[in-house]
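Written out below as structure tokens is the structure these notes cover.
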Amino acid sequence: MLPQTIQTTRLQLRKPVPADAGAIFATYGQDPAVSKYMVWRPLVRVAEAEQFIGEAIADWESQRRFAYVLDRRDRSRQTIGMLDARLEGHIIDVGYVLARDFWGRGLMPEALSAFVAIALERESLFRVQATCDVDNLPSIRTLEKCGFSKEGRLDRYTLHPNISGEPRPCFMFARCR
Ligand SMILES: CC(C)(COP(=O)(O)OP(=O)(O)OC[C@H]1O[C@@H](n2cnc3c(N)ncnc32)[C@H](O)[C@@H]1OP(=O)(O)O)[C@@H](O)C(=O)NCCC(=O)NCCS
């Protein structure tokens, strides 16, 4: 359905392996600035990252979800984030995260644009969508740079537990073919 690796100028997107858990825990999993608008709380134990990666690998096998690890393509080959894509019929729902040291260099727009181009080439896929908290400006900008349209505001849509115990409003963005 989707390739196990995608290359961009500066990044390689690839299917995870169990050993990725340690890097994810160390580079961004514990960082409260990274998880601020996410549905998960900052990780406390590496076992949480191991469970997440284990589920991501199992979901690749069932072809329901395609969670890519993002590695730098320079000599460091450092793992710096993830792009998570869930299949819902003819729709792919994406989420993404990048280690804080790498924000502001256009890396996620680079990864997401490459992913969207490949996804929308698939005969069965017509729509790539993403929701983000109405206050998550960096994510909104990422989606705008990738040509997504803001389709609307969804009130009380997602629980972002690092901000509030009550469901938060989100924007729905999409790119279609
Ligand atoms: C959202 C995210 C992936 C963006 O990735 P990125 O590669 O930094 O994206 P860009 O470099 O294109 O920057 C996007 C916007 O982030 C903001 N930004 C830039 N540098 C920044 C920095 N050092 N710190 C905080 N925000 C910054 C700017 O608003 C920028 O928009 P602009 O280019 O119009 O000025 C990244 O901020 C992130 O991982 N955030 C935490 C996880 C998250 O919120 N994921 C999305 C959930 S819906």
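Labeling convention for the structure tokens: chains A, B, ... as they appear, residues from 1 per chain, ligands from 1 in order of appearance.
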
Neighbouring residues of stretch 156-172 of chain A were defined as those with any atom within 7 Å, considering only C-alpha atoms; residues of the same chain fewer than 4 positions away were excluded. Please report them as a ChimeraX atom specification. /A:36-39,41,130-134,150-152

Do you have, as a Markdown table, the list of residues of chain A lying at most 10 Å from ligand 1, each with its nearest atom pair and that distance in Å to one decimal, counting only C-alpha atoms and all ligand atoms and ordered by chain then number?
| residue | atom | partner | partner_atom_place_in_ligand_line | distance |
| --- | --- | --- | --- | --- |
| A:Tyr28 | CA | ligand 1 | 39 (O) | 8.9 |
| A:Asp31 | CA | ligand 1 | 41 (C) | 9.5 |
| A:Pro32 | CA | ligand 1 | 41 (C) | 9.3 |
| A:Ala33 | CA | ligand 1 | 41 (C) | 6.9 |
| A:Val34 | CA | ligand 1 | 41 (C) | 4.2 |
| A:Ser35 | CA | ligand 1 | 42 (C) | 5.9 |
| A:Lys36 | CA | ligand 1 | 44 (O) | 6.8 |
| A:Tyr37 | CA | ligand 1 | 44 (O) | 5.1 |
| A:Met38 | CA | ligand 1 | 47 (C) | 5.7 |
| A:Val39 | CA | ligand 1 | 47 (C) | 8.6 |
| A:Ile80 | CA | ligand 1 | 39 (O) | 9.5 |
| A:Gly81 | CA | ligand 1 | 39 (O) | 7.5 |
| A:Met82 | CA | ligand 1 | 39 (O) | 8.8 |
| A:Leu83 | CA | ligand 1 | 3 (C) | 8.9 |
| A:Val94 | CA | ligand 1 | 48 (S) | 8.5 |
| A:Gly95 | CA | ligand 1 | 48 (S) | 5.8 |
| A:Tyr96 | CA | ligand 1 | 45 (N) | 5.1 |
| A:Val97 | CA | ligand 1 | 39 (O) | 3.8 |
| A:Leu98 | CA | ligand 1 | 39 (O) | 3.6 |
| A:Ala99 | CA | ligand 1 | 39 (O) | 6.1 |
| A:Arg100 | CA | ligand 1 | 39 (O) | 6.6 |
| A:Asp101 | CA | ligand 1 | 23 (N) | 7.5 |
| A:Phe102 | CA | ligand 1 | 8 (O) | 6.4 |
| A:Trp103 | CA | ligand 1 | 8 (O) | 3.2 |
| A:Gly104 | CA | ligand 1 | 11 (O) | 3.2 |
| A:Arg105 | CA | ligand 1 | 11 (O) | 4.1 |
| A:Gly106 | CA | ligand 1 | 11 (O) | 3.3 |
| A:Leu107 | CA | ligand 1 | 7 (O) | 3.9 |
| A:Met108 | CA | ligand 1 | 7 (O) | 3.8 |
| A:Pro109 | CA | ligand 1 | 12 (O) | 5.5 |
| A:Glu110 | CA | ligand 1 | 7 (O) | 7.7 |
| A:Ala111 | CA | ligand 1 | 7 (O) | 8.5 |
| A:Leu112 | CA | ligand 1 | 3 (C) | 9.4 |
| A:Ala130 | CA | ligand 1 | 48 (S) | 7.1 |
| A:Thr131 | CA | ligand 1 | 48 (S) | 6.0 |
| A:Cys132 | CA | ligand 1 | 48 (S) | 4.0 |
| A:Asp133 | CA | ligand 1 | 48 (S) | 6.5 |
| A:Val134 | CA | ligand 1 | 48 (S) | 9.4 |
| A:Asp135 | CA | ligand 1 | 44 (O) | 9.7 |
| A:Asn136 | CA | ligand 1 | 44 (O) | 6.3 |
| A:Leu137 | CA | ligand 1 | 29 (O) | 5.7 |
| A:Pro138 | CA | ligand 1 | 16 (O) | 3.5 |
| A:Ser139 | CA | ligand 1 | 1 (C) | 3.8 |
| A:Ile140 | CA | ligand 1 | 1 (C) | 7.5 |
| A:Arg141 | CA | ligand 1 | 31 (O) | 5.1 |
| A:Thr142 | CA | ligand 1 | 12 (O) | 5.0 |
| A:Leu143 | CA | ligand 1 | 12 (O) | 8.7 |
| A:Glu144 | CA | ligand 1 | 34 (O) | 8.9 |
| A:Lys145 | CA | ligand 1 | 12 (O) | 7.2 |
| A:Cys146 | CA | ligand 1 | 12 (O) | 9.3 |
| A:Cys170 | CA | ligand 1 | 48 (S) | 9.0 |
| A:Phe171 | CA | ligand 1 | 48 (S) | 9.4 |

Can you list, as a PyMOL selection string, all residues belonging to chain A that DSSP tags as strand (DSSP E)? chain A and resi 5-7+11-14+65-72+79-88+91-98+127-133+149-158+168-176

Do you know which residues are at most 8 Å from A:Gly22 counting only C-alpha atoms, after dropping those on the same chain fewer than 4 positions away, and could you put them as a ChimeraX atom specification? /A:26,46,49-50

Hey, can you spit out that residue selection with C-alpha atoms as a PDB file, in the first residue's frame?
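result_37.pdb, freshly written:
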ATOM      1  CA  ALA A  26      16.010  10.289  24.495  1.00  0.00           C
ATOM      2  CA  VAL A  46      11.646   3.922  28.027  1.00  0.00           C
ATOM      3  CA  ALA A  49       8.392   4.165  23.922  1.00  0.00           C
ATOM      4  CA  GLU A  50       9.002   0.431  23.475  1.00  0.00           C
TER       5      GLU A  50
END

Test item, alpha helix (DSSP H) assignment across stretch 33-115 of chain A, answer as a PyMOL selection string: chain A and resi 33-35+46-62+107-115

Store the residues picked out above in a file with C-alpha atoms, as an mmCIF file, in the first residue's frame.
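Result file follows (part.cif):
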data_model
loop_
_atom_site.group_PDB
_atom_site.id
_atom_site.type_symbol
_atom_site.label_atom_id
_atom_site.label_comp_id
_atom_site.auth_asym_id
_atom_site.auth_seq_id
_atom_site.Cartn_x
_atom_site.Cartn_y
_atom_site.Cartn_z
ATOM 1 C CA ALA A 33 7.478 21.311 24.784
ATOM 2 C CA VAL A 34 7.200 18.600 22.136
ATOM 3 C CA SER A 35 4.192 16.849 23.669
ATOM 4 C CA VAL A 46 11.646 3.922 28.027
ATOM 5 C CA ALA A 47 9.166 1.029 28.273
ATOM 6 C CA GLU A 48 6.441 3.459 27.110
ATOM 7 C CA ALA A 49 8.392 4.165 23.922
ATOM 8 C CA GLU A 50 9.002 0.431 23.475
ATOM 9 C CA GLN A 51 5.278 -0.255 23.677
ATOM 10 C CA PHE A 52 4.510 2.546 21.190
ATOM 11 C CA ILE A 53 7.092 1.254 18.705
ATOM 12 C CA GLY A 54 5.899 -2.336 19.159
ATOM 13 C CA GLU A 55 2.353 -1.283 18.266
ATOM 14 C CA ALA A 56 3.601 0.752 15.300
ATOM 15 C CA ILE A 57 5.477 -2.265 13.912
ATOM 16 C CA ALA A 58 2.439 -4.535 14.408
ATOM 17 C CA ASP A 59 0.214 -1.975 12.664
ATOM 18 C CA TRP A 60 2.569 -1.985 9.647
ATOM 19 C CA GLU A 61 2.000 -5.734 9.393
ATOM 20 C CA SER A 62 -1.781 -5.251 9.338
ATOM 21 C CA LEU A 107 12.038 19.590 7.928
ATOM 22 C CA MET A 108 8.473 18.490 8.657
ATOM 23 C CA PRO A 109 7.026 20.270 5.611
ATOM 24 C CA GLU A 110 9.713 18.437 3.592
ATOM 25 C CA ALA A 111 8.732 15.053 5.073
ATOM 26 C CA LEU A 112 4.980 15.628 4.893
ATOM 27 C CA SER A 113 5.030 16.945 1.307
ATOM 28 C CA ALA A 114 6.936 13.867 0.152
ATOM 29 C CA PHE A 115 4.561 11.582 1.991
#

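Reported to one decimal place, the separation of atom CA of A:Tyr68 from atom CA of A:Arg177 is 22.6 Å.
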
Would you please work out which residue, of A:Arg86, A:Pro42, A:Gln63, A:Ser149, is nearest to A:Ile24 when using only C-alpha atoms? A:Pro42

Would you pick out the contacts of A:Arg122 at 12 Å or less, using only C-alpha atoms, so that residues sharing its chain but fewer than 6 positions from it are not included, and give the list as a list in words? Met1, Leu2, Pro3, His90, Ile91, Ile92, Phe115, Val116, Val128, Cys176 and Arg177 of chain A

Go ahead and dump the residues you just picked, N, CA and C atoms, as a PDB file, in the first residue's frame.
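out-v6.pdb, written as the output of this step:
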ATOM      1  N   MET A   1       0.845  -1.214   0.000  1.00  0.00           N
ATOM      2  CA  MET A   1       0.000   0.000   0.000  1.00  0.00           C
ATOM      3  C   MET A   1       0.878   1.262   0.000  1.00  0.00           C
ATOM      4  N   LEU A   2       1.758   1.382   0.987  1.00  0.00           N
ATOM      5  CA  LEU A   2       2.694   2.515   1.030  1.00  0.00           C
ATOM      6  C   LEU A   2       4.118   1.975   1.204  1.00  0.00           C
ATOM      7  N   PRO A   3       5.117   2.682   0.669  1.00  0.00           N
ATOM      8  CA  PRO A   3       6.484   2.152   0.727  1.00  0.00           C
ATOM      9  C   PRO A   3       7.042   2.162   2.148  1.00  0.00           C
ATOM     10  N   HIS A  90     -10.607   5.360   2.218  1.00  0.00           N
ATOM     11  CA  HIS A  90      -9.904   6.116   1.176  1.00  0.00           C
ATOM     12  C   HIS A  90      -9.170   7.332   1.753  1.00  0.00           C
ATOM     13  N   ILE A  91      -9.130   7.413   3.086  1.00  0.00           N
ATOM     14  CA  ILE A  91      -8.532   8.561   3.772  1.00  0.00           C
ATOM     15  C   ILE A  91      -7.297   8.121   4.545  1.00  0.00           C
ATOM     16  N   ILE A  92      -6.263   8.981   4.537  1.00  0.00           N
ATOM     17  CA  ILE A  92      -5.101   8.787   5.426  1.00  0.00           C
ATOM     18  C   ILE A  92      -5.098   9.958   6.404  1.00  0.00           C
ATOM     19  N   PHE A 115       5.517  12.637   1.658  1.00  0.00           N
ATOM     20  CA  PHE A 115       4.561  11.582   1.991  1.00  0.00           C
ATOM     21  C   PHE A 115       3.238  11.781   1.251  1.00  0.00           C
ATOM     22  N   VAL A 116       2.728  12.999   1.260  1.00  0.00           N
ATOM     23  CA  VAL A 116       1.426  13.274   0.630  1.00  0.00           C
ATOM     24  C   VAL A 116       1.481  12.965  -0.870  1.00  0.00           C
ATOM     25  N   VAL A 128      -5.761  13.131   2.227  1.00  0.00           N
ATOM     26  CA  VAL A 128      -4.868  13.089   3.391  1.00  0.00           C
ATOM     27  C   VAL A 128      -5.341  14.201   4.315  1.00  0.00           C
ATOM     28  N   CYS A 176      -6.639  16.841  -1.015  1.00  0.00           N
ATOM     29  CA  CYS A 176      -7.366  15.811  -1.762  1.00  0.00           C
ATOM     30  C   CYS A 176      -6.892  15.784  -3.217  1.00  0.00           C
ATOM     31  N   ARG A 177      -7.257  14.724  -3.896  1.00  0.00           N
ATOM     32  CA  ARG A 177      -7.028  14.693  -5.344  1.00  0.00           C
ATOM     33  C   ARG A 177      -8.343  14.395  -6.042  1.00  0.00           C
TER      34      ARG A 177
END

Close residues, A:Gln78 itself excluded, 10 Å, only C-alpha atoms, min 6 positions apart in chain, as a ChimeraX atom specification: /A:11,23,27,70-72

Keeping only C-alpha atoms, take the residues you just selected and write them out as a compact mmCIF listing (two decimals), in the first residue's frame.
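Saved as selection-v6.txt:
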# COMPACT_ATOMS: atom_id res chain seq x y z
CA LEU A 11 15.49 12.97 5.55
CA ALA A 23 16.28 7.19 20.49
CA THR A 27 15.49 12.85 21.71
CA LEU A 70 12.45 10.22 10.49
CA ASP A 71 16.25 9.92 10.20
CA ARG A 72 18.61 12.66 9.06

Of the candidates A:Val69, A:Asp84, A:Leu120, A:Thr5, which one gets nearest to A:Pro18 if we count only C-alpha atoms? A:Val69

What does the structure give for the distance between atom CA of A:Phe173 and atom CA of A:Arg64, in Å to one decimal? 20.8 Å

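Atom pair atom CA of A:Gln30 / atom CA of A:Leu43: separated by 4.8 Å.
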
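Minimum atom-to-atom distances from A:Ile6, A:Leu154, A:Val44, A:Ala174 to A:Asp93 were compared using only C-alpha atoms, and the lowest value belongs to A:Ala174.
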